[in-house]
Every structure is written in C-alpha cells, then in structure tokens.
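A.B. asks: Following this message is one structure expressed as structure tokens.
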Amino acid sequence: MNAIILTAAWGVLMMLSGAFSSNKAMAKYLAVAGVVLALIVNCMEMNSGAPFFSIDVKDMLRFNSFNLTFINIALGCTLLYFLLNGSDIEKVGEHVPEYFALLFFVLSGIAIISTFNTLLMLFIGIEIVSIPLYILTGSDKRNLKSNEAGLKYFLMGSFSTGIMLLGIALLYGGSATGSFYISNIISGNAPMPPMIAAGLVLLLISMAFKVSAAPFHFWTPDVYDGAPTVFTSFMATVVKAAAFFAFVRLFENAFGSMHAQWQTLIVILIAATLLIGNLTAVFQQSVKRMLAYSSIAQAGFMLFSLFALNGFAKEGLVLYAAAYSLASIGIFAILIKMNDYTIDGFNGLGKQQPVLALTATIFLLSLTGIPLTAGFQSKFYMLMAAVQKGQHTWLVILAVLCAAISAYYYFRVIQAMYFKDSAAGEHTPDNAVTPSFKALLVLTAVLIIVIGLFPSFITDWLYF
Amino acid sequence: MEIKWYIGLALALFCTGIVGVLTRRNSIIIFMCIELMLNSVNLLLVAFSKMHAASPVAQSLPNVASDAQIFVFFIMVVAAAEVSVGLAIIVMMYRNIHSVDINFLNRLKN
C-alpha cells in the first residue's frame, strides 16, 4: 500500500516541480529521491506488516511478502535505471519532469498489478502501466519512427485491452456467485463451464500480448526499436517483468485448480516463443532490435513458471525478473552511449572503453546463461521447476537448445568488442562516459555475479 | 428477455469491432472500432449483473449486482483516458506526415 500511494503522489509532485523549476538536473535528483523513499517505505511495510495508512481495500489488493518482494525488486531496478540513464532521459526532449512523472505513474501501476486480488484491479493496474507507456514511446515527437512506434503500441495495446475485458466479462458471467475476486471464479471441482473456458482463453491471449509471447509478439520489435532507447530499456525490463508477475499470479490463483486443462496452451506458447524469439534474433544487424527479439526469447523462459506452477517456479520467476532486468538495464545503458546501434558499432570497444566492454560482456553472459552469473541461476530454477513437474520433458531440451542458439547472437557483440578494430574516432568521447556511470555499471555487474553465486540472497526474502 | 440475446448482441458488436480493427486502414476508424469493442463489453457486464442479481445464490450475497455496474464506470474512465492519449498520438503523426493512414506504419520493418 505504501508503495502505491507514494509513487502516485510522487508522480504528481514531479509534474508540479516542472512548473516551478526549469532545472533539468533537479528533476533527476527528485526522481531518484522518490524511488529511494518508495523502496524504504516498502521495506518498512514488509518488516512491520502494516502500512502507514490503514485503508480498507476490501481484500481487492493483497499484500504479502511474495508480492512486496517483487515490488522491492521492481523499485530497486528502477533506482538503478534512474541512476544510469537519468542524464539520457534529459536528452529525449524538453519535458523532463513530465517523463519522470509518467515513469512514476507506471511504477504505481506496477505496484497494483503485483498485488491485485480482483479482476477489476488487474484491469486498472494494466491500464495505469500501459497509458503512460504509450506517451513515452511517442515522446520523441519529431522522429517518425517514434511516432510510428507510439501509434502501433497504442493501437495494439488498446486492442488487447478490449480482448482482456471481454474475457473478464465472460468470467464474471460464468462464475457461480458473480464475483470479480480471482479466488471465487472457479468454485469446487465441477467441469469448466464453456463461458469460463472462453474467458480463460481470452485472458491468456491478452496477457500473452502484454508480455509479448509468440504468436502475439509481432508488435514488440517495432515498438522497442522505434521508442527512444532510454524508454525501451524501461519497457523491456521492469514493465515486462511486472506483467509476467501479474500473468503468473492471475493464472495460479484463479485457475490453478484446473491447471491440467490449460497447460497444453502454455506448452504451445513456450515452444513458439522460444523458437521464434531466438531464431529471428540471429538475423538482426541492429543491437537494439536484437535485444528486442532477445526479450521475446527470455519471455519464453519466464513462461516456464506458468507451465510448472510449483515452489521452484515461484522462486525462479522472482529470480529471473531480477536477473533479466539487471542485465538488460546494464546493456541498454551501454547501448545508449553508442553512436551506431549496429553490431559493427561495437567494434574495438574493448580497447577504447575497457570498463564498458567488460561490463557489457558480463551482462551478455548473464543473458546467455553462463554459470557464475545470475542468468544461469534463474534459467536453472526455471528448467528445474519444469523437470520437477515431470511432463513434457522435451520442452526442457528445446529450451537448452534455444539457450545455445542465443549464445550465437549475444557472443557476436562480444566478438565485435574484443576481436575487431574500429575506424578511428567512432566511439563516444570520454566526457560522455563519466566515472560515476562506470562505477554504477561495475556495481550492476557485481550484483549479477553475487546473485549468480548466492541466489538465496533474493529468494530468502519470499519467506519472511 | 433471456440472457442469451444480450450475449449474442454484445458478441456481435465485439466481432464488428474486431473485424473493423483488422480491415480498416484509417487510424481514427480503427480507434472507433476499439471503442466499440469496449462498449460491447460494458453492455455484457450490465446484462450479467442483472442476471446474477436475479439468481437465488445472489440473494444472500451483498454487492453482487452492483460490482459489475461499477466496473462499467471504470471501463468508461479508462476509455476516456485512452481517447485523450490516442488522439494526441494521432494528431502528432498527422503533423509530421499529413495523413492518418496506417499503411505508413511499415518503416520500422527493415
């Protein structure tokens, strides 16, 4: 509760600050202060179990250690994102405090979709996340690619919202007691009525849209490619992880007792997402577009938690969200500093900017899932959960093969950085890369290795 | 009237919306079709709420009828927010290319 209220209020504060001060740097410091404050009050709520304001939410939102831990991870990743990219957000356009305000509203929506207990809150949370993102995607107003991405994201997003609403309406009509509480939709062990089945499939489709799982992924590469790179970084990491968290919580709590009946659909989604994401990423020349496809491929791994729905899967989901967000925020922060987004643009970075190249290597290794990194641990948890489930073992083999394919396109960037020479003066001058930026990158890389060595660092929080 | 007529009408409107989104090329008309989808869901929710309120199970439970009707208000508010953002995006695109045709949306493909 604390995090929801504070982030929403801080968003309003950021907007007002724009009216009174034209200092761009101040907006950044105010935003960092807001996220730190939100992180503190959320931790306090976790420790004490009681929010500052006792609002009777009628059990529409549910705050337990699992949900609050996820909010903590989202806020922590956002803090890192603000610190690494704050000065790049200032370069997108004139309205810097407003960009931060919109990001805070997204955070508020993320806090709602991580704690929802009714379909109403799920819908409102998803919309609070999506609507500011439509604006941020189109925020580079003179750039045609940004316009196009904004319009495409908006049309696709509201279309999938319509599908989700029809699903919610059918679930409400099909439930015996007429309730939006997700635990009351299915009563007893009666066979699924056709209206509930239709609602389930529609919700599955719309959530697959939101997390960009194949075959509902087609908007992702275009939108991620066209949006200003700083905002792509946020969309592809924190927002995507939160959408996944909502997806898994919805299907676990509402339809968990009928898992066997919809598991086949998830198997199809996983296989399609892994294959399409990885195979298409191989052919990309632009690193930004490659990362967009790689985010689809990573979504395939995260879907394993829906396939298994056991203890391992829950831990793995939170771990995966943290590992994937950290590594992607890091690699996007380095990408923004590049003049040229193609893979050739990374040529010779190892000699000119050794710190950037080394940290980028660690981020890419983590995304591939090489041991000692957080990416390996999270992939291990996901596959372990699927093996424990005991069905469809071929899916695990497919996932490992796809991880091997992903090594090809991630390692191409590493190869470009260390084994190819660049034309002189191709990279950013040193003054664009400040020592504090480098220090933060090193901190992110260290965090990834620490989580890779001691995953209990994160998973222990779940059982407070 | 029986509930099936309401379901039929709402689904017919919804499908009209989907067909419109998939076949039309003008972004404002696509947008209108999305609004049609949302409003057909409103109709369906209100019909279901009346259905549940009349059922014997619901007599013992409070709020059963009003929940869905309040949901409809939330959908209206969200749709209004989406309209304001969506029209702003369409106007922004029109300023740059003097067209609202979505055939323009293919520059990112390669």
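Every chain in the structure tokens has a letter given in the order shown (A, B, ...), and although residue numbers restart at 1 in each chain, ligands are simply numbered from 1 in the order shown.
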Could the residues of chain A within 10 Å of chain B, counting only C-alpha atoms, be given as a ChimeraX atom specification, please?
C.D. replies: /A:119-121,123-124,127-128,130-132,134-135,137-139,141-152,154-156,158-170,172-180,221-223,225-226,284
A.B. asks: Which neighbours of range 325-329 of chain A fall inside 6 Å, counting only C-alpha atoms, when residues of the same chain fewer than 2 positions from it are skipped, and could you give them as a list in words?
C.D. replies: Ser233, Thr237, Ala321, Ala322, Ala323, Ile331, Phe332 and Phe363 of chain A
A.B. asks: Go ahead and write the selection's residues with C-alpha atoms as an mmCIF file, in the first residue's frame.
C.D. replies:
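Final file, result.cif:
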data_model
loop_
_atom_site.group_PDB
_atom_site.id
_atom_site.type_symbol
_atom_site.label_atom_id
_atom_site.label_comp_id
_atom_site.auth_asym_id
_atom_site.auth_seq_id
_atom_site.Cartn_x
_atom_site.Cartn_y
_atom_site.Cartn_z
ATOM 1 C CA SER A 233 15.144 -0.045 -21.598
ATOM 2 C CA THR A 237 12.850 -4.820 -18.232
ATOM 3 C CA ALA A 321 12.822 -10.965 -13.063
ATOM 4 C CA ALA A 322 15.780 -9.596 -11.091
ATOM 5 C CA ALA A 323 18.496 -11.213 -13.204
ATOM 6 C CA ILE A 331 23.348 -3.495 -21.662
ATOM 7 C CA PHE A 332 20.801 -0.858 -22.716
ATOM 8 C CA PHE A 363 25.663 -8.583 -18.941
#
A.B. asks: Would you list the contacts of Trp394 in chain A as a list in words, taking every protein, DNA or RNA residue within 12 Å and counting only C-alpha atoms, but skipping same-chain residues closer than 5 positions in sequence?
C.D. replies: Val267, Ile270, Ala271, Leu383, Ala386, Val387, Ala399, Val400 and Leu401 of chain A
A.B. asks: Near Leu462 in chain A, within 10 Å and counting only C-alpha atoms, which residues show up once chain neighbours fewer than 4 positions away are dropped, as a ChimeraX atom specification?
C.D. replies: /A:64-70,314-315,318,456,458
A.B. asks: Those same residues - C-alpha atoms - I'd like them written as an mmCIF file, in the first residue's frame.
C.D. replies:
data_model
loop_
_atom_site.group_PDB
_atom_site.id
_atom_site.type_symbol
_atom_site.label_atom_id
_atom_site.label_comp_id
_atom_site.auth_asym_id
_atom_site.auth_seq_id
_atom_site.Cartn_x
_atom_site.Cartn_y
_atom_site.Cartn_z
ATOM 1 C CA ASN A 64 2.165 -10.492 1.393
ATOM 2 C CA SER A 65 5.913 -10.982 1.429
ATOM 3 C CA PHE A 66 5.908 -12.521 -2.051
ATOM 4 C CA ASN A 67 4.187 -9.521 -3.637
ATOM 5 C CA LEU A 68 6.105 -6.951 -1.625
ATOM 6 C CA THR A 69 9.406 -8.614 -2.527
ATOM 7 C CA PHE A 70 8.553 -8.257 -6.167
ATOM 8 C CA LYS A 314 7.741 -19.069 -7.933
ATOM 9 C CA GLU A 315 11.286 -18.569 -6.678
ATOM 10 C CA VAL A 318 11.337 -13.594 -8.950
ATOM 11 C CA SER A 456 19.235 -17.232 -1.797
ATOM 12 C CA ILE A 458 16.859 -12.835 -3.245
#
